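Have a look at the structure below, then the notes.
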Amino acid sequence: MEELEIQKLIYAYSLKMKGKKKLKEKDIIKKIMADAELDKNTVKTALRAMINEGILMYSYGGGASSVEIPSEEYLKEKGLDLNTILKEKGLVE
């Protein structure tokens, strides 16, 4: 499975869980590993690439870190547009 396909799975899962549960990095990795039958390092590499590109971000609260889709306010502050990034990466049409 190509990295782009893995990233699509990660993004879809993150979008589905947005506002329902704070996802830890390991939660995402375990879910994608189970669904797509991939090894941990492959999923972790795809997830880290998404974080580095600004598609996902780390957040901290209550003494724990989580991974989430950035809020519109955060993106405006950084001068980014998530929809543009997603289209450039091929994660959405």
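Residue names in the structure tokens use chain letters A, B, ... in the order shown, residue numbers from 1 in each chain, and ligand numbers from 1 in the order shown.
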Non-local contacts of region 7-21 of chain A (7 Å; only C-alpha atoms; under 5 positions in same chain excluded) as an mmCIF file with C-alpha atoms, in the first residue's frame:
data_model
loop_
_atom_site.group_PDB
_atom_site.id
_atom_site.type_symbol
_atom_site.label_atom_id
_atom_site.label_comp_id
_atom_site.auth_asym_id
_atom_site.auth_seq_id
_atom_site.Cartn_x
_atom_site.Cartn_y
_atom_site.Cartn_z
ATOM 1 C CA ILE A 28 -4.224 5.982 15.129
ATOM 2 C CA ILE A 32 -4.695 1.686 10.727
ATOM 3 C CA ALA A 46 2.856 8.225 6.978
ATOM 4 C CA LEU A 47 1.426 9.808 10.140
ATOM 5 C CA GLU A 68 -5.839 16.096 15.652
ATOM 6 C CA ILE A 69 -6.880 17.999 12.563
ATOM 7 C CA LEU A 91 -6.163 13.371 0.070
#
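When DSSP is run on the backbone, the residues of region 10-84 of chain A that fall into strand (DSSP E) are Met57, Tyr58, Ser59, Tyr60, Gly61, Ala64, Ser65, Ser66, Val67 and Glu68 of chain A.
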(request) Give the alpha helix (DSSP H) residues of chain A, as assigned by DSSP on the backbone, as number ranges by chain. (result) A: 3-17, 25-36, 40-53, 72-78, 82-89
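Residue nearest Val67 (chain A), chosen from A:Lys30, A:Lys87, A:Lys22, A:Arg48 and counting only C-alpha atoms: A:Lys22.
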(request) For CA of Ile29 (chain A) and CA of Lys76 (chain A), quote the distance in Å rounded to one decimal. (result) 28.3 Å
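Using only C-alpha atoms, the nearest neighbour of Glu37 (chain A) within the list A:Glu93, A:Met1, A:Glu88, A:Asn83 is A:Met1.
Using only C-alpha atoms, the nearest neighbour of Asp39 (chain A) within the list A:Gly54, A:Leu23, A:Glu72, A:Ile6 is A:Ile6.
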(message) So that I can check the surroundings of Ala64 (chain A), please list as a PyMOL selection string every protein, DNA and RNA residue that reaches within 10 Å of it, counting only C-alpha atoms and ignoring chain neighbours fewer than 3 positions away.
(response) chain A and resi 22+24+59-61
(request) List the neighbours of Met33 (chain A) out to 9 Å using only C-alpha atoms; skip same-chain residues closer than 6 positions along the sequence, and give me the result as an MDAnalysis selection string. (result) chainID A and resid 39:40 42:43
Writer output for current selection, N, CA and C atoms, as a compact mmCIF listing (two decimals), in the first residue's frame:
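Saved result, out_16.txt, follows:
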# COMPACT_ATOMS: atom_id res chain seq x y z
N ASP A 39 2.53 -2.78 8.85
CA ASP A 39 3.42 -2.77 10.01
C ASP A 39 3.47 -1.38 10.64
N LYS A 40 3.88 -1.34 11.87
CA LYS A 40 3.86 -0.12 12.67
C LYS A 40 4.69 1.00 12.05
N THR A 42 5.54 1.62 8.96
CA THR A 42 4.94 2.16 7.74
C THR A 42 3.86 3.18 8.08
N VAL A 43 3.00 2.82 9.02
CA VAL A 43 1.92 3.72 9.44
C VAL A 43 2.48 4.95 10.14
